[in-house]
Structures are given as C-alpha cells and as structure tokens.
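Engineer: Dropping in upload.cif, which is mmCIF, C-alpha atoms:
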data_start
#
loop_
_atom_site.label_atom_id
_atom_site.label_comp_id
_atom_site.auth_asym_id
_atom_site.auth_seq_id
_atom_site.Cartn_x
_atom_site.Cartn_y
_atom_site.Cartn_z
CA MET A 1 113.36 93.44 87.99
CA LYS A 2 110.93 94.86 85.43
CA LYS A 3 108.09 92.50 84.56
CA SER A 4 105.71 92.25 81.64
CA VAL A 5 102.13 92.21 82.93
CA LEU A 6 98.76 91.59 81.28
CA ILE A 7 95.66 92.71 83.18
CA ILE A 8 92.26 91.63 81.86
CA GLY A 9 89.21 93.45 83.24
CA MET A 10 89.33 97.17 83.93
CA GLY A 11 86.85 97.48 86.77
CA ARG A 12 87.91 99.14 90.01
CA LEU A 13 90.30 96.35 91.05
CA GLY A 14 91.84 95.90 87.60
CA SER A 15 92.37 99.60 86.89
CA HIS A 16 93.87 100.24 90.34
CA LEU A 17 96.14 97.22 89.99
CA ALA A 18 97.27 98.35 86.53
CA GLU A 19 98.13 101.83 87.79
CA LYS A 20 100.04 100.46 90.78
CA MET A 21 102.03 97.95 88.69
CA GLN A 22 102.94 100.70 86.23
CA ASP A 23 103.96 103.02 89.09
CA LEU A 24 106.28 100.25 90.30
CA GLY A 25 108.04 100.33 86.93
CA HIS A 26 106.56 97.33 85.13
CA ASP A 27 105.36 97.09 81.52
CA VAL A 28 101.57 96.81 81.65
CA MET A 29 99.07 95.89 78.94
CA ILE A 30 95.40 96.39 79.81
CA LEU A 31 92.50 94.65 78.10
CA ASP A 32 88.73 94.96 78.42
CA ASN A 33 85.70 94.37 76.22
CA LYS A 34 84.06 97.64 77.26
CA GLU A 35 85.15 100.63 75.20
CA GLU A 36 84.33 103.20 77.87
CA ARG A 37 86.67 101.55 80.37
CA ILE A 38 89.62 101.52 78.01
CA ALA A 39 88.88 105.08 76.86
CA ARG A 40 89.07 106.21 80.48
CA LEU A 41 92.54 104.70 80.90
CA ALA A 42 94.03 105.05 77.42
CA THR A 43 95.90 108.26 78.22
CA ARG A 44 97.67 106.54 81.12
CA PHE A 45 98.58 103.28 79.35
CA SER A 46 100.33 103.11 76.00
CA ASP A 47 99.20 99.51 75.49
CA ALA A 48 95.43 99.56 76.08
CA ARG A 49 93.17 97.32 74.01
CA ILE A 50 89.45 96.82 73.50
CA ALA A 51 88.73 93.19 72.67
CA GLU A 52 86.66 90.18 73.63
CA TYR A 53 89.12 88.44 75.92
CA THR A 54 87.18 85.16 75.97
CA HIS A 55 88.07 84.58 72.32
CA GLU A 56 91.16 82.45 71.81
CA ASP A 57 92.19 84.25 68.63
CA VAL A 58 92.30 87.56 70.52
CA LEU A 59 94.56 86.21 73.27
CA SER A 60 96.75 84.18 70.91
CA ALA A 61 97.65 87.41 69.09
CA LEU A 62 99.12 88.86 72.29
CA ASP A 63 102.08 86.46 72.63
CA ILE A 64 100.89 85.24 76.02
CA PRO A 65 104.13 83.37 76.95
CA SER A 66 105.97 86.70 76.88
CA PHE A 67 104.08 87.95 79.96
CA ASP A 68 105.54 87.23 83.38
CA ILE A 69 102.07 87.28 84.91
CA CYS A 70 98.49 87.52 83.66
CA PHE A 71 95.82 88.91 85.99
CA ILE A 72 92.14 88.20 85.37
CA THR A 73 90.22 90.74 87.43
CA VAL A 74 86.79 90.13 85.92
CA GLY A 75 84.42 90.09 88.86
CA ASP A 76 80.88 89.66 87.56
CA ASN A 77 81.17 86.81 85.08
CA LEU A 78 82.55 83.51 86.35
CA GLU A 79 82.09 81.78 83.00
CA ALA A 80 84.20 84.43 81.26
CA SER A 81 86.84 84.25 83.97
CA MET A 82 87.04 80.46 83.73
CA LEU A 83 87.18 80.46 79.94
CA THR A 84 89.90 83.11 79.94
CA THR A 85 91.92 81.17 82.53
CA ILE A 86 91.78 77.98 80.48
CA THR A 87 92.70 79.80 77.28
CA LEU A 88 95.64 81.61 78.86
CA LYS A 89 97.07 78.38 80.28
CA ASN A 90 96.58 76.59 76.94
CA LEU A 91 98.46 79.41 75.23
CA GLY A 92 101.43 78.98 77.57
CA ALA A 93 100.85 81.60 80.26
CA LYS A 94 103.59 81.42 82.88
CA TYR A 95 101.41 82.51 85.80
CA VAL A 96 97.69 83.28 85.97
CA ALA A 97 96.09 85.07 88.93
CA ALA A 98 92.28 85.03 88.69
CA ARG A 99 89.65 86.80 90.75
CA ALA A 100 87.05 84.84 92.74
CA ARG A 101 84.13 86.01 94.85
CA ASP A 102 83.73 82.97 97.08
CA ASP A 103 85.21 79.57 97.96
CA ILE A 104 83.24 77.76 95.25
CA GLN A 105 84.62 80.03 92.53
CA CYS A 106 88.05 79.65 94.08
CA GLU A 107 87.96 75.86 93.83
CA LEU A 108 86.67 75.96 90.25
CA LEU A 109 89.39 78.34 89.10
CA LYS A 110 92.09 76.27 90.81
CA LYS A 111 90.85 73.08 89.15
CA ILE A 112 91.12 74.60 85.67
CA GLY A 113 94.66 75.83 86.19
CA ALA A 114 94.73 79.22 87.93
CA ASP A 115 98.05 79.61 89.77
CA GLU A 116 96.67 82.09 92.28
CA ILE A 117 93.24 83.20 93.43
CA ILE A 118 92.43 86.84 94.17
CA TYR A 119 89.48 87.26 96.51
CA ALA A 120 87.36 90.25 95.52
CA ASP A 121 87.07 91.52 99.09
CA GLY A 122 90.13 89.92 100.62
CA GLU A 123 93.08 91.57 98.92
CA THR A 124 93.56 95.13 97.75
CA ALA A 125 95.12 96.07 94.45
CA ASP A 126 98.03 97.73 96.26
CA LYS A 127 98.82 94.59 98.21
CA LEU A 128 98.55 92.43 95.12
CA ALA A 129 100.86 94.71 93.13
CA ILE A 130 103.48 94.83 95.88
CA ARG A 131 103.51 91.04 96.27
CA HIS A 132 104.06 90.57 92.56
CA ASN A 133 106.58 93.36 92.25
CA ALA A 134 109.23 90.82 93.28
CA ASN A 135 109.20 87.04 93.09
CA ASN A 136 110.12 86.55 96.72
CA ILE A 137 107.65 88.70 98.68
CA PHE A 138 105.23 86.35 100.45
CA ASP A 139 103.04 88.87 102.24
CA TYR A 140 102.64 92.61 102.67
CA VAL A 141 100.72 94.86 105.04
CA ALA A 142 100.72 98.62 104.43
CA LEU A 143 101.30 100.88 107.43
CA THR A 144 101.76 104.66 107.35
CA ASP A 145 104.29 107.17 106.04
CA GLY A 146 105.52 104.84 103.30
CA TYR A 147 106.30 101.94 105.63
CA ALA A 148 104.96 98.37 105.45
CA ILE A 149 105.43 94.92 106.95
CA PHE A 150 106.81 92.31 104.56
CA GLU A 151 107.37 88.57 104.75
CA VAL A 152 110.46 87.62 102.74
CA PRO A 153 112.99 84.78 102.69
CA ILE A 154 116.41 85.49 104.14
CA VAL A 155 119.37 86.35 101.95
CA LYS A 156 121.36 83.18 101.17
CA ALA A 157 124.53 84.70 102.61
CA TRP A 158 122.80 85.11 106.00
CA GLU A 159 122.72 81.37 106.66
CA GLY A 160 124.81 80.49 109.71
CA LYS A 161 125.09 84.11 110.84
CA SER A 162 123.35 85.97 113.65
CA ILE A 163 121.19 89.08 113.53
CA ILE A 164 123.75 91.13 115.45
CA GLU A 165 126.61 89.85 113.27
CA LEU A 166 124.80 90.92 110.08
CA ASP A 167 123.83 94.35 111.48
CA VAL A 168 120.66 94.19 109.41
CA ARG A 169 119.18 97.48 110.60
CA LYS A 170 122.21 99.52 109.64
CA LYS A 171 123.05 97.72 106.40
CA TYR A 172 119.56 97.29 104.95
CA LYS A 173 117.52 99.99 106.79
CA ILE A 174 114.93 97.46 107.94
CA ASN A 175 113.81 96.12 111.31
CA ILE A 176 113.23 92.41 111.84
CA ILE A 177 110.10 91.89 113.97
CA ALA A 178 109.69 88.10 113.65
CA ILE A 179 111.31 85.01 112.14
CA LYS A 180 109.46 82.03 110.69
CA ARG A 181 111.16 78.64 110.60
CA GLY A 182 108.89 75.98 109.18
CA GLU A 183 105.65 76.22 111.13
CA HIS A 184 107.26 77.94 114.11
CA LEU A 185 107.11 81.73 114.46
CA ASP A 186 109.50 83.58 116.77
CA PRO A 187 107.84 86.99 117.39
CA SER A 188 110.76 88.52 119.26
CA PRO A 189 114.08 87.07 118.06
CA MET A 190 117.15 87.82 120.13
CA PRO A 191 120.23 89.51 118.60
CA ASP A 192 122.16 86.22 118.79
CA PHE A 193 119.56 84.32 116.72
CA VAL A 194 121.39 82.37 113.98
CA PHE A 195 119.70 82.08 110.58
CA ALA A 196 119.27 78.75 108.77
CA GLU A 197 118.32 77.75 105.25
CA GLY A 198 114.60 78.24 104.58
CA ASP A 199 114.02 80.90 107.25
CA HIS A 200 111.58 83.71 106.49
CA ILE A 201 111.67 87.10 108.17
CA PHE A 202 108.93 89.63 108.88
CA VAL A 203 110.36 93.10 108.56
CA ILE A 204 109.21 96.71 108.82
CA GLY A 205 110.69 99.07 106.31
CA LYS A 206 110.16 101.23 103.26
CA SER A 207 109.28 99.35 100.10
CA ARG A 208 112.39 100.43 98.20
CA ASP A 209 114.69 99.19 100.98
CA VAL A 210 112.93 95.83 101.26
CA PHE A 211 112.96 95.39 97.47
CA LYS A 212 116.68 96.13 97.43
CA MET A 213 117.35 93.54 100.12
CA SER A 214 115.02 90.88 98.69
CA ALA A 215 116.68 91.18 95.29
CA LYS A 216 119.72 89.52 96.86
CA THR A 217 117.73 86.37 97.70
#
In structure tokens, how does this file's structure come out?
Structural biologist:
Amino acid sequence: MKKSVLIIGMGRLGSHLAEKMQDLGHDVMILDNKEERIARLATRFSDARIAEYTHEDVLSALDIPSFDICFITVGDNLEASMLTTITLKNLGAKYVAARARDDIQCELLKKIGADEIIYADGETADKLAIRHNANNIFDYVALTDGYAIFEVPIVKAWEGKSIIELDVRKKYKINIIAIKRGEHLDPSPMPDFVFAEGDHIFVIGKSRDVFKMSAKT
C-alpha cells in the first residue's frame, strides 16, 4: 500500500532513506533548512522544500495529519529534533520516528512523544525503509542477490493449519526458517507444526514475495 512520507533532515541517513522509500513506490516529501542539501536532491524529488522545520507555522502548512509517517533524521542537533517531534505530535502526526545518537537522547525523545527511535549507528536507511514499507514487517536483515530475512506475523487464514498443509514454499515462494510464539522461538519447525493466533514467522525470500504475502495479514 502506497504511503505518504515526510522526511526531515537531508543528511546521509535522511537522503538515503528518502531515495529508498521513493524506490519502494511511496509519496515522499523532503524538508531541510540547508539550501545546498535540497538543491542536490531536487531533481529526484518533486516535493522538496527548504524551510526551518523547527517553526510551527512551517510544519502546520504541510497538513501533517495527512502523512502516514514522519521521519526526523536530524543527527547533530538534539534540541531541534526534540522541538520538531513535539510540534509534529501537537499537529496530529500519526507516527513519528526520530533519530537518536545514544540512550539518553532515546529516552528524551520517547518522553516527548516519539513513536519510534532510530539509532544513528544501529539501523541503516535500507532496513528502516523496508520495515516501514508495510505495517506488519517487524524486522529485516538484507542478504545477497535480492534476498532478505523478514519477521512477519502469520496470515490469519493459516491459524489451525500446518506448514505442510499450507505448502508455503510453493504458494508464496518463501522459506520459513523459524517460528516465534510469545517468547519462545522454534529455530527448526517441523512440517507438521500447526500455526496459532499471534505466531510470527522468520522467512527468507525476495522482498516482493514477502510483501505480497504480508499484505494478506
């Protein structure tokens, strides 16, 4: 499902994230207060704006509630990041993901309303984009040749059925490598394993195949 995305801060993380989200088919608006950063990306993004994002009047003009997710990827100014987070939430932002450099910044951003914390050195732009490409992808690890490992919830219709009965590999072109039920992880489920409500699966597959399957959840 196409999403509307606002990304504030066009440093290395923000610009890479913006490009990846756009490549995945989402509508992306980029915003930075440095003209040279926006000029560098303006040919790639039709909605690229130079503005002081800490000002409420600037953000209020963007119809913040219309965005499915707002990313704050400002890395060198905690005060600006905090002020922007507060303003976005006050303006009705549905979901705010803000960048933090350490645990102290993480706790501060959580206390003022950030829905998710992005660690500067702990999560790549690619991984972040993939996780937010769909609402039900809980984790993602890139492999090679277009393949990755994903953590996703099971399809509702799988409840009460076994792996072999569903023929997951043939029908969805994915391989189940582990199943998570509550706090228990089964790293080598047998073909007769029967799924239950709330189960998560770890699968290897191509992104497009996993997205297609997860859309059914």
Engineer: Mind telling me what the PyMOL selection byres ((chain A and resi 28) around 9) catches here, as a list in words?
Structural biologist: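 Evaluating the PyMOL selection byres ((chain A and resi 28) around 9) on this file yields Lys3, Ser4, Val5, Leu6, Ile7, Ala18, Glu19, Met21, Gln22, His26, Asp27, Met29, Ile30, Phe45, Ser46, Asp47 and Ala48 of chain A.
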Engineer: Compile the contact shell of Asp139 (chain A) as a PyMOL selection string: residues with an atom at most 6 Å away, counting all atoms listed in the file, same-chain residues fewer than 2 positions apart removed.
Structural biologist: chain A and resi 137+150-151
Engineer: Region 8-22 of chain A, all listed atoms, 4 Å padding on each side: what axis-aligned box centre and edge lengths in Å to one decimal come out, as JSON?
Structural biologist:
{"center_x": 94.9, "center_y": 96.7, "center_z": 86.5, "size_x": 24.1, "size_y": 18.2, "size_z": 17.2}
Engineer: Which is closer to Ser81 (chain A) than all the others in A:Ile104, A:Ala215, A:Leu109, A:Ala93, using all atoms listed in the file?
Structural biologist: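 For Ser81 (chain A), the nearest of the given residues is A:Leu109.
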Engineer: Name the residues in contact with region 35-41 of chain A at a cut-off of 9 Å, using all atoms listed in the file, excluding same-chain residues fewer than 4 positions from it; report them as a list in words.
Structural biologist: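 Once the adjacent positions are removed, what remains is Gly9, Met10, Gly11, Ser15, Ile30, Leu31, Phe45, Ala48, Arg49, Ile50 and Ala51 of chain A.
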Engineer: Convert the current residue selection to file output with C-alpha atoms, as a PDB file, keeping the file's coordinate frame.
Structural biologist:
ATOM      1  CA  GLY A   9      89.210  93.450  83.240  1.00  0.00           C
ATOM      2  CA  MET A  10      89.330  97.170  83.930  1.00  0.00           C
ATOM      3  CA  GLY A  11      86.850  97.480  86.770  1.00  0.00           C
ATOM      4  CA  SER A  15      92.370  99.600  86.890  1.00  0.00           C
ATOM      5  CA  ILE A  30      95.400  96.390  79.810  1.00  0.00           C
ATOM      6  CA  LEU A  31      92.500  94.650  78.100  1.00  0.00           C
ATOM      7  CA  PHE A  45      98.580 103.280  79.350  1.00  0.00           C
ATOM      8  CA  ALA A  48      95.430  99.560  76.080  1.00  0.00           C
ATOM      9  CA  ARG A  49      93.170  97.320  74.010  1.00  0.00           C
ATOM     10  CA  ILE A  50      89.450  96.820  73.500  1.00  0.00           C
ATOM     11  CA  ALA A  51      88.730  93.190  72.670  1.00  0.00           C
TER      12      ALA A  51
END
Engineer: Tell me which of A:Asn133, A:Thr43, A:Thr85, A:Ser60 sits closest to Lys111 (chain A), counting all atoms listed in the file.
Structural biologist: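 Checking each candidate against Lys111 (chain A), we get A:Thr85 as the closest.
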Engineer: Using all atoms listed in the file, give me every residue within 7 Å of (105.4, 88.9, 117.6) in file coordinates, as number ranges by chain.
Structural biologist: A: 177-178, 186-188
Engineer: Taking all atoms listed in the file into account, which of A:Ile118, A:Leu128, A:Val168, A:Ala157 comes nearest Tyr140 (chain A)?
Structural biologist: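 The shortest atom-to-atom distance to Tyr140 (chain A) comes from A:Leu128.
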Engineer: Give as a list of chain:residue names the residues that the PyMOL selection byres ((chain A and resi 164) around 10) matches when applied to the coordinates above.
Structural biologist: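 That selection, the PyMOL selection byres ((chain A and resi 164) around 10), comes back as A:Lys161, A:Ser162, A:Ile163, A:Glu165, A:Leu166, A:Asp167, A:Val168, A:Arg169, A:Met190, A:Pro191, A:Asp192, A:Phe193, A:Val194.
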Engineer: Evaluate the PyMOL selection byres ((chain A and resi 86) around 12) on the structure here and hand back the selected residues as JSON, numbers by chain.
Structural biologist: {"A": [53, 54, 55, 56, 59, 72, 79, 80, 81, 82, 83, 84, 85, 87, 88, 89, 90, 91, 92, 93, 95, 96, 97, 98, 108, 109, 110, 111, 112, 113, 114, 115]}
Engineer: Add whatever atoms are absent from region 35-46 of chain A to reach all heavy atoms, and provide the output as a PDB file, keeping the file's coordinate frame.
Structural biologist:
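Once written, out_38.pdb looks like this:
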ATOM      1  N   GLU A  35      84.420  99.500  75.772  1.00  0.00           N
ATOM      2  CA  GLU A  35      85.150 100.630  75.200  1.00  0.00           C
ATOM      3  C   GLU A  35      85.314 101.778  76.175  1.00  0.00           C
ATOM      4  O   GLU A  35      86.378 102.408  76.236  1.00  0.00           O
ATOM      5  CB  GLU A  35      84.415 101.116  73.942  1.00  0.00           C
ATOM      6  CG  GLU A  35      85.132 102.245  73.216  1.00  0.00           C
ATOM      7  CD  GLU A  35      84.440 102.655  71.935  1.00  0.00           C
ATOM      8  OE1 GLU A  35      83.439 102.013  71.564  1.00  0.00           O
ATOM      9  OE2 GLU A  35      84.907 103.616  71.301  1.00  0.00           O
ATOM     10  N   GLU A  36      84.268 102.059  76.965  1.00  0.00           N
ATOM     11  CA  GLU A  36      84.330 103.200  77.870  1.00  0.00           C
ATOM     12  C   GLU A  36      85.402 103.019  78.950  1.00  0.00           C
ATOM     13  O   GLU A  36      86.022 103.990  79.391  1.00  0.00           O
ATOM     14  CB  GLU A  36      82.965 103.457  78.519  1.00  0.00           C
ATOM     15  CG  GLU A  36      82.422 102.342  79.405  1.00  0.00           C
ATOM     16  CD  GLU A  36      81.635 101.283  78.649  1.00  0.00           C
ATOM     17  OE1 GLU A  36      81.757 101.223  77.409  1.00  0.00           O
ATOM     18  OE2 GLU A  36      80.905 100.511  79.301  1.00  0.00           O
ATOM     19  N   ARG A  37      85.634 101.796  79.362  1.00  0.00           N
ATOM     20  CA  ARG A  37      86.670 101.550  80.370  1.00  0.00           C
ATOM     21  C   ARG A  37      88.058 101.797  79.813  1.00  0.00           C
ATOM     22  O   ARG A  37      88.905 102.419  80.472  1.00  0.00           O
ATOM     23  CB  ARG A  37      86.549 100.128  80.902  1.00  0.00           C
ATOM     24  CG  ARG A  37      85.347  99.891  81.805  1.00  0.00           C
ATOM     25  CD  ARG A  37      85.325  98.477  82.335  1.00  0.00           C
ATOM     26  NE  ARG A  37      84.287  98.284  83.343  1.00  0.00           N
ATOM     27  CZ  ARG A  37      84.053  97.140  83.952  1.00  0.00           C
ATOM     28  NH1 ARG A  37      84.799  96.069  83.662  1.00  0.00           N
ATOM     29  NH2 ARG A  37      83.102  97.037  84.858  1.00  0.00           N
ATOM     30  N   ILE A  38      88.301 101.319  78.623  1.00  0.00           N
ATOM     31  CA  ILE A  38      89.620 101.520  78.010  1.00  0.00           C
ATOM     32  C   ILE A  38      89.827 102.986  77.664  1.00  0.00           C
ATOM     33  O   ILE A  38      90.925 103.536  77.844  1.00  0.00           O
ATOM     34  CB  ILE A  38      89.774 100.632  76.756  1.00  0.00           C
ATOM     35  CG1 ILE A  38      89.779  99.158  77.157  1.00  0.00           C
ATOM     36  CG2 ILE A  38      91.060 100.978  76.009  1.00  0.00           C
ATOM     37  CD1 ILE A  38      90.905  98.755  78.088  1.00  0.00           C
ATOM     38  N   ALA A  39      88.767 103.648  77.189  1.00  0.00           N
ATOM     39  CA  ALA A  39      88.880 105.080  76.860  1.00  0.00           C
ATOM     40  C   ALA A  39      89.274 105.890  78.080  1.00  0.00           C
ATOM     41  O   ALA A  39      90.050 106.851  77.990  1.00  0.00           O
ATOM     42  CB  ALA A  39      87.550 105.573  76.288  1.00  0.00           C
ATOM     43  N   ARG A  40      88.762 105.504  79.238  1.00  0.00           N
ATOM     44  CA  ARG A  40      89.070 106.210  80.480  1.00  0.00           C
ATOM     45  C   ARG A  40      90.532 106.078  80.872  1.00  0.00           C
ATOM     46  O   ARG A  40      91.102 106.975  81.506  1.00  0.00           O
ATOM     47  CB  ARG A  40      88.166 105.671  81.591  1.00  0.00           C
ATOM     48  CG  ARG A  40      88.458 106.175  82.978  1.00  0.00           C
ATOM     49  CD  ARG A  40      87.374 105.746  83.968  1.00  0.00           C
ATOM     50  NE  ARG A  40      87.115 104.319  83.914  1.00  0.00           N
ATOM     51  CZ  ARG A  40      87.803 103.405  84.596  1.00  0.00           C
ATOM     52  NH1 ARG A  40      88.818 103.784  85.359  1.00  0.00           N
ATOM     53  NH2 ARG A  40      87.491 102.125  84.520  1.00  0.00           N
ATOM     54  N   LEU A  41      91.162 104.978  80.480  1.00  0.00           N
ATOM     55  CA  LEU A  41      92.540 104.700  80.900  1.00  0.00           C
ATOM     56  C   LEU A  41      93.578 104.848  79.798  1.00  0.00           C
ATOM     57  O   LEU A  41      94.775 104.765  80.055  1.00  0.00           O
ATOM     58  CB  LEU A  41      92.608 103.266  81.455  1.00  0.00           C
ATOM     59  CG  LEU A  41      91.784 103.001  82.718  1.00  0.00           C
ATOM     60  CD1 LEU A  41      91.655 101.499  82.952  1.00  0.00           C
ATOM     61  CD2 LEU A  41      92.419 103.666  83.927  1.00  0.00           C
ATOM     62  N   ALA A  42      93.123 105.072  78.576  1.00  0.00           N
ATOM     63  CA  ALA A  42      94.030 105.050  77.420  1.00  0.00           C
ATOM     64  C   ALA A  42      95.136 106.092  77.499  1.00  0.00           C
ATOM     65  O   ALA A  42      96.242 105.871  76.988  1.00  0.00           O
ATOM     66  CB  ALA A  42      93.230 105.225  76.134  1.00  0.00           C
ATOM     67  N   THR A  43      94.859 107.232  78.126  1.00  0.00           N
ATOM     68  CA  THR A  43      95.900 108.260  78.220  1.00  0.00           C
ATOM     69  C   THR A  43      96.999 107.874  79.199  1.00  0.00           C
ATOM     70  O   THR A  43      98.113 108.394  79.129  1.00  0.00           O
ATOM     71  CB  THR A  43      95.299 109.609  78.654  1.00  0.00           C
ATOM     72  OG1 THR A  43      94.609 109.442  79.895  1.00  0.00           O
ATOM     73  CG2 THR A  43      94.317 110.111  77.603  1.00  0.00           C
ATOM     74  N   ARG A  44      96.693 106.958  80.107  1.00  0.00           N
ATOM     75  CA  ARG A  44      97.670 106.540  81.120  1.00  0.00           C
ATOM     76  C   ARG A  44      98.506 105.354  80.632  1.00  0.00           C
ATOM     77  O   ARG A  44      99.670 105.200  81.013  1.00  0.00           O
ATOM     78  CB  ARG A  44      96.925 106.174  82.404  1.00  0.00           C
ATOM     79  CG  ARG A  44      97.816 105.669  83.539  1.00  0.00           C
ATOM     80  CD  ARG A  44      98.482 106.784  84.268  1.00  0.00           C
ATOM     81  NE  ARG A  44      99.516 106.291  85.162  1.00  0.00           N
ATOM     82  CZ  ARG A  44      99.329 105.998  86.450  1.00  0.00           C
ATOM     83  NH1 ARG A  44      98.140 106.166  86.986  1.00  0.00           N
ATOM     84  NH2 ARG A  44     100.320 105.583  87.197  1.00  0.00           N
ATOM     85  N   PHE A  45      97.907 104.495  79.788  1.00  0.00           N
ATOM     86  CA  PHE A  45      98.580 103.280  79.350  1.00  0.00           C
ATOM     87  C   PHE A  45      98.784 103.282  77.842  1.00  0.00           C
ATOM     88  O   PHE A  45      97.825 103.421  77.084  1.00  0.00           O
ATOM     89  CB  PHE A  45      97.781 102.041  79.771  1.00  0.00           C
ATOM     90  CG  PHE A  45      97.642 101.886  81.254  1.00  0.00           C
ATOM     91  CD1 PHE A  45      96.553 102.440  81.923  1.00  0.00           C
ATOM     92  CD2 PHE A  45      98.607 101.218  81.992  1.00  0.00           C
ATOM     93  CE1 PHE A  45      96.433 102.325  83.297  1.00  0.00           C
ATOM     94  CE2 PHE A  45      98.494 101.101  83.368  1.00  0.00           C
ATOM     95  CZ  PHE A  45      97.412 101.649  84.028  1.00  0.00           C
ATOM     96  N   SER A  46     100.034 103.102  77.437  1.00  0.00           N
ATOM     97  CA  SER A  46     100.330 103.110  76.000  1.00  0.00           C
ATOM     98  C   SER A  46      99.834 101.852  75.308  1.00  0.00           C
ATOM     99  O   SER A  46      99.603 101.850  74.099  1.00  0.00           O
ATOM    100  CB  SER A  46     101.840 103.263  75.783  1.00  0.00           C
ATOM    101  OG  SER A  46     102.550 102.195  76.405  1.00  0.00           O
TER     102      SER A  46
END
